[in-house]
>>> print(open('final.txt').read())   # compact mmCIF, C-alpha atoms and all ligand atoms
# COMPACT_ATOMS: atom_id res chain seq x y z
CA VAL A 23 99.34 -51.74 -48.44
CA TRP A 24 96.17 -49.70 -48.73
CA SER A 25 96.43 -46.35 -50.50
CA ASN A 26 94.00 -43.92 -52.10
CA THR A 27 96.16 -41.66 -54.27
CA ARG A 28 94.15 -42.17 -57.45
CA ASP A 29 90.84 -41.78 -55.69
CA LYS A 30 91.94 -38.51 -54.13
CA GLN A 31 93.07 -37.22 -57.54
CA LEU A 32 89.81 -38.24 -59.15
CA GLN A 33 87.82 -36.63 -56.35
CA GLU A 34 89.71 -33.38 -56.97
CA ARG A 35 88.90 -33.53 -60.69
CA ALA A 36 85.31 -34.39 -59.87
CA HIS A 37 84.97 -31.30 -57.71
CA GLN A 38 85.65 -29.15 -60.80
CA VAL A 39 82.92 -30.63 -62.97
CA ILE A 40 80.44 -32.43 -60.71
CA PRO A 41 78.49 -30.55 -58.00
CA ASN A 42 80.15 -31.37 -54.66
CA GLY A 43 82.26 -33.88 -56.59
CA MET A 44 79.42 -36.36 -56.09
CA TYR A 45 75.83 -36.21 -54.87
CA GLY A 46 73.21 -38.42 -53.33
CA HIS A 47 73.40 -41.50 -51.16
CA GLU A 48 76.54 -42.89 -52.76
CA SER A 49 78.56 -39.77 -52.02
CA VAL A 50 81.25 -40.54 -49.45
CA ALA A 51 80.89 -37.03 -47.99
CA MET A 52 79.40 -38.40 -44.75
CA MET A 53 81.46 -41.60 -44.70
CA PRO A 54 84.57 -41.83 -42.51
CA ASP A 55 87.68 -40.07 -43.84
CA ASP A 56 89.48 -41.83 -46.72
CA PHE A 57 86.53 -43.89 -47.93
CA PRO A 58 87.00 -44.43 -51.67
CA GLN A 59 84.46 -42.74 -53.94
CA PHE A 60 85.28 -44.43 -57.23
CA PHE A 61 85.37 -48.13 -58.07
CA ALA A 62 86.99 -50.10 -60.84
CA LYS A 63 85.36 -53.50 -60.60
CA ALA A 64 82.87 -55.66 -58.74
CA GLU A 65 82.50 -59.43 -58.78
CA GLY A 66 80.73 -61.83 -56.45
CA THR A 67 81.13 -60.48 -52.92
CA ARG A 68 84.05 -58.19 -53.85
CA LEU A 69 84.54 -54.61 -54.82
CA TRP A 70 87.80 -53.01 -56.06
CA ASP A 71 88.39 -49.29 -55.81
CA ILE A 72 90.35 -47.42 -58.48
CA ASP A 73 93.56 -47.75 -56.46
CA GLY A 74 93.17 -51.52 -56.68
CA ASN A 75 92.18 -52.11 -53.04
CA GLU A 76 89.87 -55.11 -52.64
CA TYR A 77 86.89 -55.12 -50.27
CA ILE A 78 84.27 -57.56 -49.09
CA ASP A 79 81.35 -55.29 -49.80
CA TYR A 80 78.57 -55.09 -47.22
CA MET A 81 76.84 -52.20 -48.98
CA CYS A 82 76.02 -54.26 -52.10
CA ALA A 83 75.61 -51.07 -54.17
CA TYR A 84 73.21 -49.91 -51.40
CA GLY A 85 71.06 -52.95 -52.04
CA PRO A 86 70.99 -54.09 -55.67
CA ASN A 87 73.60 -56.84 -55.32
CA LEU A 88 71.45 -59.74 -54.11
CA MET A 89 72.95 -62.79 -55.83
CA GLY A 90 76.58 -61.64 -56.07
CA TYR A 91 77.98 -59.04 -58.45
CA ALA A 92 78.20 -60.25 -62.04
CA ARG A 93 76.29 -63.41 -61.19
CA PRO A 94 76.85 -65.69 -64.24
CA GLU A 95 73.17 -66.60 -64.79
CA VAL A 96 72.24 -62.92 -64.87
CA GLN A 97 75.29 -61.92 -66.92
CA SER A 98 74.48 -64.40 -69.69
CA ALA A 99 70.86 -63.21 -69.83
CA ILE A 100 72.19 -59.65 -70.21
CA VAL A 101 74.66 -60.58 -72.96
CA GLU A 102 72.07 -62.58 -74.91
CA GLN A 103 69.48 -59.82 -74.78
CA LEU A 104 72.06 -57.15 -75.59
CA ALA A 105 72.87 -58.95 -78.83
CA ARG A 106 69.18 -58.81 -79.81
CA GLY A 107 68.30 -55.30 -78.69
CA ASP A 108 67.98 -53.18 -75.58
CA THR A 109 66.35 -49.75 -75.89
CA MET A 110 64.04 -50.09 -78.89
CA THR A 111 60.84 -48.41 -80.10
CA GLY A 112 58.90 -50.61 -77.71
CA PRO A 113 59.57 -53.33 -75.16
CA GLY A 114 60.63 -56.87 -75.98
CA PRO A 115 58.44 -59.90 -75.18
CA GLY A 116 60.32 -60.21 -71.91
CA MET A 117 58.19 -57.43 -70.43
CA VAL A 118 55.07 -59.62 -70.51
CA GLU A 119 56.95 -62.62 -69.19
CA LEU A 120 58.44 -60.54 -66.37
CA ALA A 121 55.02 -59.13 -65.45
CA GLU A 122 53.55 -62.66 -65.43
CA THR A 123 56.46 -63.90 -63.35
CA MET A 124 56.29 -61.19 -60.71
CA VAL A 125 52.49 -61.32 -60.50
CA SER A 126 52.76 -65.06 -59.89
CA MET A 127 55.40 -64.56 -57.18
CA VAL A 128 53.94 -61.68 -55.18
CA ARG A 129 50.73 -62.59 -53.39
CA HIS A 130 48.73 -59.34 -53.63
CA ALA A 131 49.75 -58.56 -57.21
CA ASP A 132 47.42 -58.77 -60.22
CA TRP A 133 49.42 -56.44 -62.45
CA ALA A 134 52.94 -55.03 -62.81
CA MET A 135 54.44 -51.84 -64.19
CA PHE A 136 58.17 -51.37 -64.70
CA CYS A 137 60.30 -48.27 -64.37
CA LYS A 138 63.94 -47.52 -63.49
CA ASN A 139 64.54 -46.30 -59.96
CA GLY A 140 62.82 -46.95 -56.68
CA GLY A 141 61.75 -43.32 -56.66
CA ASP A 142 59.90 -43.78 -59.96
CA ALA A 143 57.96 -46.61 -58.37
CA THR A 144 57.07 -44.71 -55.17
CA SER A 145 55.97 -41.65 -57.16
CA ILE A 146 53.77 -43.81 -59.40
CA ALA A 147 52.22 -45.35 -56.29
CA MET A 148 51.65 -41.93 -54.73
CA VAL A 149 49.90 -40.63 -57.86
CA ALA A 150 47.91 -43.88 -58.12
CA ALA A 151 46.60 -43.37 -54.60
CA ARG A 152 45.25 -39.96 -55.62
CA ALA A 153 43.92 -41.23 -58.95
CA TYR A 154 42.10 -44.06 -57.12
CA ARG A 155 39.28 -41.96 -55.58
CA GLY A 156 40.35 -38.42 -56.41
CA LYS A 157 41.43 -37.75 -52.82
CA LYS A 158 44.56 -35.80 -51.94
CA LYS A 159 46.23 -36.66 -48.64
CA ILE A 160 49.15 -39.07 -48.47
CA LEU A 161 50.16 -40.39 -45.04
CA VAL A 162 53.88 -41.04 -44.65
CA ALA A 163 55.88 -42.18 -41.60
CA ARG A 164 58.13 -39.43 -40.26
CA GLY A 165 61.77 -39.95 -41.25
CA SER A 166 61.19 -42.86 -43.62
CA TYR A 167 62.86 -42.63 -47.01
CA HIS A 168 60.80 -43.03 -50.19
CA GLY A 169 63.03 -41.28 -52.74
CA SER A 170 64.35 -37.86 -53.74
CA ALA A 171 61.37 -36.30 -55.55
CA PRO A 172 60.02 -32.97 -54.23
CA TRP A 173 57.24 -34.78 -52.30
CA ASN A 174 59.64 -37.02 -50.38
CA THR A 175 63.29 -35.88 -50.48
CA PRO A 176 64.94 -35.50 -47.06
CA GLY A 177 66.87 -32.45 -48.33
CA MET A 178 64.66 -29.35 -48.21
CA SER A 179 66.68 -26.98 -50.42
CA GLY A 180 64.56 -25.98 -53.39
CA ILE A 181 61.47 -27.63 -51.96
CA VAL A 182 58.45 -25.38 -51.34
CA PRO A 183 55.67 -26.02 -48.81
CA GLU A 184 53.21 -26.60 -51.67
CA ASP A 185 55.25 -29.68 -52.68
CA ARG A 186 54.31 -31.19 -49.30
CA ALA A 187 50.93 -29.53 -48.86
CA HIS A 188 49.07 -32.85 -48.89
CA ILE A 189 51.63 -35.04 -47.17
CA ILE A 190 50.80 -35.80 -43.54
CA TYR A 191 53.34 -37.42 -41.23
CA PHE A 192 52.86 -40.00 -38.50
CA ASP A 193 55.14 -42.17 -36.35
CA TYR A 194 56.02 -45.63 -37.60
CA ASN A 195 54.70 -48.63 -35.63
CA ASP A 196 52.29 -46.30 -33.79
CA LEU A 197 48.63 -46.82 -34.67
CA ASP A 198 47.46 -43.91 -32.52
CA SER A 199 49.75 -41.56 -34.38
CA LEU A 200 48.53 -42.92 -37.73
CA THR A 201 44.89 -42.62 -36.66
CA LYS A 202 45.47 -39.02 -35.59
CA ALA A 203 47.07 -38.22 -38.95
CA ALA A 204 44.08 -39.81 -40.73
CA LYS A 205 41.63 -37.79 -38.59
CA PHE A 206 43.53 -34.64 -39.45
CA ALA A 207 43.09 -35.49 -43.16
CA GLY A 208 39.34 -35.91 -42.66
CA ASP A 209 37.68 -37.66 -45.58
CA ASP A 210 40.56 -36.89 -47.92
CA VAL A 211 43.02 -39.77 -47.31
CA ALA A 212 44.24 -41.09 -50.67
CA GLY A 213 46.91 -43.48 -49.46
CA VAL A 214 49.18 -44.61 -46.66
CA PHE A 215 52.87 -45.38 -47.24
CA ALA A 216 54.38 -48.18 -45.21
CA THR A 217 58.02 -49.10 -45.00
CA PRO A 218 58.25 -52.89 -44.48
CA PHE A 219 60.28 -52.37 -41.29
CA LYS A 220 61.96 -49.33 -39.79
CA HIS A 221 65.28 -48.94 -41.59
CA GLU A 222 66.44 -45.38 -41.20
CA THR A 223 70.00 -44.08 -41.28
CA PHE A 224 71.81 -43.25 -38.02
CA SER A 225 69.29 -45.21 -35.94
CA ASP A 226 68.52 -48.68 -34.72
CA GLN A 227 66.25 -50.64 -37.01
CA SER A 228 63.03 -52.15 -35.74
CA HIS A 229 60.75 -54.86 -37.06
CA VAL A 230 57.19 -54.04 -37.95
CA ASP A 231 54.67 -54.85 -35.27
CA ALA A 232 52.13 -57.28 -36.80
CA ASP A 233 49.20 -55.62 -34.98
CA TYR A 234 50.31 -52.29 -36.36
CA ALA A 235 50.49 -53.68 -39.91
CA ARG A 236 46.99 -55.17 -39.55
CA GLY A 237 45.80 -51.85 -38.15
CA VAL A 238 47.15 -49.96 -41.16
CA ARG A 239 45.34 -52.39 -43.47
CA LYS A 240 42.08 -51.97 -41.56
CA LEU A 241 42.34 -48.19 -41.55
CA CYS A 242 42.96 -48.08 -45.30
CA ASP A 243 39.93 -50.31 -45.89
CA GLU A 244 37.72 -48.14 -43.70
CA LEU A 245 38.86 -44.99 -45.49
CA ASP A 246 38.85 -46.59 -48.95
CA ALA A 247 42.47 -45.48 -49.34
CA LEU A 248 45.34 -47.43 -50.89
CA LEU A 249 47.93 -49.14 -48.72
CA ILE A 250 51.35 -48.90 -50.32
CA VAL A 251 54.35 -50.91 -49.09
CA ASP A 252 57.67 -49.41 -50.15
CA ASP A 253 59.71 -52.56 -50.56
CA VAL A 254 62.42 -50.84 -52.61
CA ARG A 255 65.16 -51.51 -50.05
CA ALA A 256 63.98 -54.71 -48.36
CA GLY A 257 62.21 -56.51 -51.23
CA PHE A 258 63.24 -60.17 -51.77
CA ARG A 259 65.80 -60.08 -48.93
CA LEU A 260 63.36 -61.30 -46.29
CA THR A 261 60.91 -63.31 -48.33
CA ARG A 262 60.13 -64.25 -51.95
CA GLY A 263 57.31 -61.74 -52.20
CA CYS A 264 56.20 -58.50 -50.57
CA THR A 265 57.89 -58.17 -47.17
CA TRP A 266 54.57 -57.63 -45.34
CA GLU A 267 53.60 -61.17 -46.36
CA THR A 268 55.81 -62.07 -43.37
CA VAL A 269 53.16 -60.50 -41.10
CA ASP A 270 50.33 -61.72 -43.32
CA VAL A 271 49.22 -58.27 -44.47
CA ASP A 272 48.70 -57.52 -48.17
CA PRO A 273 49.09 -54.00 -49.54
CA ASP A 274 47.18 -52.69 -52.57
CA ILE A 275 50.44 -51.62 -54.18
CA ALA A 276 54.05 -52.54 -53.45
CA CYS A 277 57.11 -50.80 -54.88
CA PHE A 278 60.21 -52.79 -55.71
CA GLY A 279 63.58 -51.70 -57.06
CA LYS A 280 67.23 -52.27 -56.24
CA VAL A 281 67.57 -56.09 -56.30
CA ILE A 282 65.09 -57.09 -58.97
CA GLY A 283 67.63 -56.99 -61.82
CA ASN A 284 70.54 -57.87 -59.49
CA GLY A 285 72.04 -54.46 -60.36
CA GLN A 286 70.54 -53.74 -63.77
CA PRO A 287 68.41 -50.58 -63.76
CA ILE A 288 64.83 -51.67 -63.23
CA SER A 289 62.15 -51.11 -60.60
CA ALA A 290 58.54 -52.24 -60.39
CA VAL A 291 55.11 -51.31 -59.12
CA LEU A 292 53.03 -54.38 -58.29
CA GLY A 293 49.37 -53.83 -57.59
CA ALA A 294 46.05 -55.49 -56.88
CA ASN A 295 43.07 -55.27 -59.23
CA LYS A 296 41.53 -52.73 -56.87
CA ALA A 297 44.15 -50.20 -58.02
CA ARG A 298 44.18 -51.17 -61.69
CA LYS A 299 41.70 -48.57 -63.00
CA ALA A 300 43.59 -45.84 -61.16
CA VAL A 301 46.92 -46.61 -62.79
CA GLU A 302 45.23 -47.13 -66.16
CA SER A 303 43.97 -43.56 -65.98
CA MET A 304 47.46 -42.09 -65.40
CA PHE A 305 50.20 -41.04 -67.81
CA VAL A 306 53.60 -42.21 -66.60
CA THR A 307 56.60 -43.18 -68.68
CA GLY A 308 60.33 -42.83 -69.31
CA SER A 309 62.69 -43.26 -72.26
CA PHE A 310 64.45 -46.21 -70.66
CA TRP A 311 61.61 -47.86 -68.77
CA PHE A 312 61.01 -50.44 -71.51
CA SER A 313 64.62 -51.39 -72.27
CA ALA A 314 64.89 -55.13 -72.76
CA VAL A 315 68.26 -55.85 -71.11
CA PRO A 316 67.27 -54.95 -67.53
CA MET A 317 64.08 -56.97 -67.99
CA ALA A 318 66.10 -59.98 -69.10
CA ALA A 319 68.31 -59.48 -66.03
CA ALA A 320 65.20 -59.29 -63.83
CA LEU A 321 63.80 -62.51 -65.32
CA ALA A 322 67.10 -64.27 -64.60
CA THR A 323 67.20 -62.83 -61.06
CA MET A 324 63.61 -63.85 -60.34
CA LYS A 325 64.44 -67.37 -61.54
CA LEU A 326 67.28 -67.48 -58.99
CA VAL A 327 64.89 -66.14 -56.35
CA ARG A 328 62.41 -68.95 -57.09
CA GLU A 329 64.81 -71.81 -57.68
CA THR A 330 67.77 -71.36 -55.32
CA ASP A 331 68.06 -71.43 -51.54
CA TYR A 332 69.51 -67.90 -51.56
CA LEU A 333 67.28 -66.79 -48.66
CA LYS A 334 68.66 -69.53 -46.44
CA GLN A 335 72.18 -68.49 -47.39
CA LEU A 336 71.46 -64.84 -46.54
CA VAL A 337 70.14 -65.83 -43.11
CA THR A 338 73.00 -68.28 -42.42
CA ILE A 339 75.69 -65.76 -43.31
CA GLY A 340 73.89 -62.84 -41.68
CA THR A 341 73.46 -64.79 -38.44
CA LEU A 342 77.08 -65.92 -38.43
CA LEU A 343 78.26 -62.36 -38.96
CA ARG A 344 76.00 -61.04 -36.21
CA THR A 345 76.97 -63.56 -33.53
CA SER A 346 80.65 -63.36 -34.44
CA LEU A 347 80.72 -59.55 -34.30
CA ASP A 348 78.90 -59.54 -30.96
CA ALA A 349 81.53 -61.89 -29.53
CA GLN A 350 84.36 -59.91 -31.07
CA ALA A 351 83.07 -56.59 -29.76
CA SER A 352 82.85 -57.85 -26.19
CA GLN A 353 86.25 -59.51 -26.50
CA TYR A 354 87.67 -56.02 -27.09
CA GLY A 355 85.50 -54.39 -24.45
CA PHE A 356 82.94 -52.74 -26.70
CA SER A 357 79.21 -53.09 -26.85
CA ILE A 358 77.45 -52.83 -30.22
CA ARG A 359 73.79 -52.85 -31.22
CA GLN A 360 73.04 -54.99 -34.27
CA THR A 361 69.45 -54.36 -35.26
CA GLY A 362 67.00 -55.31 -37.99
CA PRO A 363 66.94 -58.55 -39.95
CA VAL A 364 70.33 -60.32 -40.18
CA GLN A 365 70.12 -59.99 -43.99
CA MET A 366 70.13 -56.18 -43.60
CA PRO A 367 72.24 -55.42 -40.53
CA GLN A 368 72.57 -52.02 -38.89
CA ILE A 369 75.57 -51.82 -36.52
CA LEU A 370 75.86 -48.96 -34.02
CA PHE A 371 78.14 -48.61 -30.98
CA ASP A 372 76.82 -48.13 -27.45
CA ASP A 373 78.22 -45.14 -25.53
CA ASP A 374 79.16 -43.41 -28.78
CA PRO A 375 77.15 -40.18 -28.78
CA ASP A 376 79.36 -38.41 -31.32
CA TRP A 377 79.93 -41.53 -33.46
CA ARG A 378 83.70 -41.48 -33.03
CA PHE A 379 83.88 -45.25 -32.34
CA GLY A 380 81.62 -46.22 -35.22
CA TYR A 381 83.38 -44.00 -37.73
CA ARG A 382 86.88 -45.07 -36.69
CA TRP A 383 85.88 -48.75 -36.64
CA CYS A 384 84.46 -48.62 -40.17
CA GLN A 385 87.42 -46.63 -41.43
CA LEU A 386 89.89 -49.21 -40.12
CA ALA A 387 87.83 -52.19 -41.23
CA MET A 388 87.72 -50.63 -44.71
CA LYS A 389 91.51 -50.29 -44.79
CA HIS A 390 91.72 -53.96 -43.83
CA GLY A 391 89.36 -55.01 -46.62
CA ALA A 392 85.79 -54.95 -45.25
CA TYR A 393 83.53 -52.21 -46.60
CA LEU A 394 80.96 -51.38 -43.89
CA SER A 395 78.85 -48.31 -43.11
CA PRO A 396 78.74 -46.52 -39.74
CA TYR A 397 75.22 -45.11 -40.35
CA HIS A 398 73.33 -46.95 -43.09
CA ASN A 399 71.96 -50.47 -42.88
CA MET A 400 74.09 -52.96 -44.75
CA PHE A 401 73.20 -55.88 -46.99
CA ILE A 402 74.16 -59.54 -47.17
CA ASN A 403 74.29 -61.13 -50.63
CA ALA A 404 73.87 -64.77 -51.59
CA ALA A 405 77.45 -65.17 -52.85
CA MET A 406 78.85 -64.62 -49.35
CA THR A 407 80.42 -67.63 -47.66
CA GLU A 408 81.70 -68.52 -44.21
CA ALA A 409 85.20 -67.81 -45.54
CA ASP A 410 84.11 -64.24 -46.38
CA VAL A 411 82.84 -63.81 -42.82
CA ALA A 412 86.12 -65.15 -41.43
CA LYS A 413 88.05 -62.66 -43.58
CA THR A 414 85.70 -59.88 -42.51
CA LEU A 415 86.34 -60.73 -38.87
CA GLU A 416 90.09 -60.33 -39.41
CA ALA A 417 89.43 -56.79 -40.66
CA THR A 418 86.97 -55.92 -37.91
CA GLY A 419 89.26 -57.54 -35.31
CA ALA A 420 92.10 -55.25 -36.38
CA ALA A 421 89.68 -52.32 -36.17
CA PHE A 422 88.50 -53.28 -32.66
CA ALA A 423 92.09 -53.75 -31.49
CA ASP A 424 93.02 -50.26 -32.64
CA LEU A 425 89.88 -48.82 -31.09
CA GLN A 426 90.65 -50.51 -27.79
CA ALA A 427 94.23 -49.22 -27.79
CA ASN A 428 93.14 -45.66 -28.56
CA ARG A 429 89.82 -45.63 -26.74
CA THR A 430 90.63 -42.80 -24.33
CA THR A 431 92.57 -40.56 -26.72
CA LEU A 432 90.43 -40.95 -29.84
CA GLU A 433 89.19 -37.69 -31.38
CA PRO A 434 85.96 -37.47 -33.36
CA GLN A 435 86.45 -37.07 -37.12
CA ALA A 436 86.00 -33.50 -38.35
CA LYS A 437 82.84 -34.26 -40.34
CA LEU A 438 81.16 -35.59 -37.21
CA GLY A 439 80.71 -31.99 -36.07
CA VAL A 440 78.65 -31.28 -39.20
CA LEU A 441 76.79 -34.51 -38.63
CA LYS A 442 75.87 -33.70 -35.07
CA ARG A 443 74.41 -30.36 -36.15
CA LEU A 444 72.49 -32.04 -38.97
CA LEU A 445 71.06 -34.68 -36.67
CA ALA A 446 70.13 -32.08 -34.07
CA SER A 447 68.28 -29.87 -36.59
N1 LIG B 1 62.38 -46.29 -51.04
C1 LIG B 1 63.28 -46.87 -50.22
C2 LIG B 1 62.79 -47.57 -48.99
C3 LIG B 1 64.64 -46.80 -50.51
O1 LIG B 1 65.53 -47.36 -49.68
C4 LIG B 1 65.06 -46.13 -51.68
C5 LIG B 1 66.51 -46.03 -52.06
N2 LIG B 1 67.43 -46.03 -51.04
C6 LIG B 1 64.08 -45.54 -52.49
C7 LIG B 1 62.76 -45.66 -52.15
C8 LIG B 1 64.44 -44.79 -53.73
O2 LIG B 1 65.02 -45.64 -54.66
P1 LIG B 1 65.97 -45.06 -55.79
O3 LIG B 1 67.18 -44.49 -55.13
O4 LIG B 1 66.29 -46.24 -56.65
O5 LIG B 1 65.17 -44.03 -56.53
>>> encode(input="final.txt", output="structure tokens", more="lines below")
Ligand code: PMP
Amino acid sequence: VWSNTRDKQLQERAHQVIPNGMYGHESVAMMPDDFPQFFAKAEGTRLWDIDGNEYIDYMCAYGPNLMGYARPEVQSAIVEQLARGDTMTGPGPGMVELAETMVSMVRHADWAMFCKNGGDATSIAMVAARAYRGKKKILVARGSYHGSAPWNTPGMSGIVPEDRAHIIYFDYNDLDSLTKAAKFAGDDVAGVFATPFKHETFSDQSHVDADYARGVRKLCDELDALLIVDDVRAGFRLTRGCTWETVDVDPDIACFGKVIGNGQPISAVLGANKARKAVESMFVTGSFWFSAVPMAAALATMKLVRETDYLKQLVTIGTLLRTSLDAQASQYGFSIRQTGPVQMPQILFDDDPDWRFGYRWCQLAMKHGAYLSPYHNMFINAAMTEADVAKTLEATGAAFADLQANRTTLEPQAKLGVLKRLLAS
């Protein structure tokens, strides 16, 4: 039976020596009660917490697990490179090979730079936009996530207005709103950030409108500003290149992270020649940006991206999960909204204004072995099989049954009060 004694103990110790016991997007502070914070092992589609409970993991490390945890082809590339050297006085030859590989795979790209986190990549792109023509204003869609640096973090503690002085917000998928923001910036627009599709927490996802994407491209050309696609979360889950290739629009710069080393720490900025001089004029670096092991992992992952039918598998499994959950929800008398691409599902309950259904459903599914999120989009990985979906449905079925039985007496979880205030502010 499921228990979390060790996790609770470790969380208590953590609270003594780690601020809030944990911070950032992987903190379970906003997850349903009892979600485990600490994990012992991950392999293929599975995750084990430190109490030994096994889960089919639909968070995939919040994205990085694309091909299955500890995918053998990637593991052997890691082990081989580790024996030769990792963090050295300069990069290994794999850096050039990886740049050649990614430039050949991503349509708009003529050059590549590597860094560690998605936020490194988006900050490089932001600075590149300003370096490009010496202009200042950066246009960003309201509510979209691009990292946790002072210019883009959603948490405002410690952030001063000057950090955002040249950031102008517009509404995603709304050309009028973007045009207004550009007018407001006058002749000072350096760059426009575009999320490949709308994938915000606590809300339904929506696909990008192709006319909107073309409009953004046109506007950037007219203003001689750089168009930046932040593909950190969605990259290589929808297509084998930049996600806006699916609507036939090429950015000047795209940011990748998360999946490119299948979990090894590496992110990338891929740009067109138009932006090359700008990035060549900048000074950006990091002690671990040139480490050879993550680059070897990325080369192995990119090989799998090119040579396997992983995309088909993601769509097959994602579609099966979506149709099965829809059927299961209505079987138990609930209505759920599953939005966004099937490879990156967001699942929210109808008629659930204070989230009590969603939170309880995820909590119970977790205790039955399926790790889902009630507020963040999830991720399908290529190791998932129909058998995994069947097992997931047993867990979600148990969760729906409980929800149905307790529908009228169910109380919201205590943290949902905090959440409601946060969302309202
Ligand atoms: N952009 C997007 C769209 C993201 O989803 C994320 C991470 N969730 C980031 C940027 C930042 O990436 P990282 O956390 O690796 O810095």
>>> axis_aligned_box(input="final.txt", around="range 232-243 of chain A", padding_each_side="8 Å", output="lines of an AutoDock Vina configuration file")
center_x = 46.0
center_y = -52.7
center_z = -40.4
size_x = 28.2
size_y = 25.2
size_z = 26.9
>>> closest_residue(input="final.txt", among="A:Met52, A:Ala83, A:Ala151, A:Ala322", to="Met304 in chain A", atoms="only C-alpha atoms")
A:Ala151
>>> closest_residue(input="final.txt", among="A:Val39, A:Ala204, A:Ile288, A:Cys384", to="ligand LIG 1 (chain B)", atoms="all atoms listed in the file")
A:Ile288
>>> closest_atom_pairs(input="final.txt", of="chain A", to="ligand LIG 1 (chain B)", cutoff="10 Å", atoms="all atoms listed in the file", output="JSON lines")
{"residue": "A:Gly46", "atom": "CA", "partner": "B:LIG1", "partner_atom": "O3", "distance": 8.7}
{"residue": "A:His47", "atom": "CA", "partner": "B:LIG1", "partner_atom": "N2", "distance": 7.5}
{"residue": "A:Glu48", "atom": "CA", "partner": "B:LIG1", "partner_atom": "O3", "distance": 9.8}
{"residue": "A:Tyr84", "atom": "CA", "partner": "B:LIG1", "partner_atom": "N2", "distance": 7.0}
{"residue": "A:Gly85", "atom": "CA", "partner": "B:LIG1", "partner_atom": "N2", "distance": 7.9}
{"residue": "A:Pro86", "atom": "CA", "partner": "B:LIG1", "partner_atom": "O4", "distance": 9.2}
{"residue": "A:Cys137", "atom": "CA", "partner": "B:LIG1", "partner_atom": "O4", "distance": 10.0}
{"residue": "A:Lys138", "atom": "CA", "partner": "B:LIG1", "partner_atom": "O4", "distance": 7.3}
{"residue": "A:Asn139", "atom": "CA", "partner": "B:LIG1", "partner_atom": "O4", "distance": 3.7}
{"residue": "A:Gly140", "atom": "CA", "partner": "B:LIG1", "partner_atom": "O2", "distance": 3.3}
{"residue": "A:Gly141", "atom": "CA", "partner": "B:LIG1", "partner_atom": "O5", "distance": 3.5}
{"residue": "A:Asp142", "atom": "CA", "partner": "B:LIG1", "partner_atom": "O5", "distance": 6.3}
{"residue": "A:Ala143", "atom": "CA", "partner": "B:LIG1", "partner_atom": "O5", "distance": 7.9}
{"residue": "A:Thr144", "atom": "CA", "partner": "B:LIG1", "partner_atom": "C7", "distance": 6.5}
{"residue": "A:Ser145", "atom": "CA", "partner": "B:LIG1", "partner_atom": "C7", "distance": 9.3}
{"residue": "A:Ser166", "atom": "CA", "partner": "B:LIG1", "partner_atom": "C2", "distance": 7.3}
{"residue": "A:Tyr167", "atom": "CA", "partner": "B:LIG1", "partner_atom": "C2", "distance": 5.3}
{"residue": "A:His168", "atom": "CA", "partner": "B:LIG1", "partner_atom": "N1", "distance": 3.7}
{"residue": "A:Gly169", "atom": "CA", "partner": "B:LIG1", "partner_atom": "C8", "distance": 3.9}
{"residue": "A:Ser170", "atom": "CA", "partner": "B:LIG1", "partner_atom": "O5", "distance": 6.8}
{"residue": "A:Ala171", "atom": "CA", "partner": "B:LIG1", "partner_atom": "O5", "distance": 8.7}
{"residue": "A:Asn174", "atom": "CA", "partner": "B:LIG1", "partner_atom": "C7", "distance": 9.4}
{"residue": "A:Thr175", "atom": "CA", "partner": "B:LIG1", "partner_atom": "C8", "distance": 9.6}
{"residue": "A:Ala216", "atom": "CA", "partner": "B:LIG1", "partner_atom": "C2", "distance": 9.2}
{"residue": "A:Thr217", "atom": "CA", "partner": "B:LIG1", "partner_atom": "C2", "distance": 6.4}
{"residue": "A:Pro218", "atom": "CA", "partner": "B:LIG1", "partner_atom": "C2", "distance": 8.3}
{"residue": "A:Phe219", "atom": "CA", "partner": "B:LIG1", "partner_atom": "C2", "distance": 9.4}
{"residue": "A:Lys220", "atom": "CA", "partner": "B:LIG1", "partner_atom": "C2", "distance": 9.4}
{"residue": "A:His221", "atom": "CA", "partner": "B:LIG1", "partner_atom": "C2", "distance": 7.9}
{"residue": "A:Glu222", "atom": "CA", "partner": "B:LIG1", "partner_atom": "O1", "distance": 8.8}
{"residue": "A:Val251", "atom": "CA", "partner": "B:LIG1", "partner_atom": "C2", "distance": 9.1}
{"residue": "A:Asp252", "atom": "CA", "partner": "B:LIG1", "partner_atom": "C2", "distance": 5.6}
{"residue": "A:Asp253", "atom": "CA", "partner": "B:LIG1", "partner_atom": "C2", "distance": 6.1}
{"residue": "A:Val254", "atom": "CA", "partner": "B:LIG1", "partner_atom": "C1", "distance": 4.7}
{"residue": "A:Arg255", "atom": "CA", "partner": "B:LIG1", "partner_atom": "O1", "distance": 4.2}
{"residue": "A:Ala256", "atom": "CA", "partner": "B:LIG1", "partner_atom": "C2", "distance": 7.3}
{"residue": "A:Gly257", "atom": "CA", "partner": "B:LIG1", "partner_atom": "C2", "distance": 9.2}
{"residue": "A:Cys277", "atom": "CA", "partner": "B:LIG1", "partner_atom": "N1", "distance": 7.9}
{"residue": "A:Phe278", "atom": "CA", "partner": "B:LIG1", "partner_atom": "N1", "distance": 8.3}
{"residue": "A:Gly279", "atom": "CA", "partner": "B:LIG1", "partner_atom": "O4", "distance": 6.1}
{"residue": "A:Lys280", "atom": "CA", "partner": "B:LIG1", "partner_atom": "O4", "distance": 6.1}
{"residue": "A:Val281", "atom": "CA", "partner": "B:LIG1", "partner_atom": "O4", "distance": 9.9}
{"residue": "A:Pro287", "atom": "CA", "partner": "B:LIG1", "partner_atom": "O4", "distance": 8.6}
{"residue": "A:Ile288", "atom": "CA", "partner": "B:LIG1", "partner_atom": "O4", "distance": 8.7}
{"residue": "A:Ser289", "atom": "CA", "partner": "B:LIG1", "partner_atom": "O4", "distance": 7.5}
{"residue": "A:His398", "atom": "CA", "partner": "B:LIG1", "partner_atom": "N2", "distance": 9.9}
{"residue": "A:Asn399", "atom": "CA", "partner": "B:LIG1", "partner_atom": "O1", "distance": 9.9}
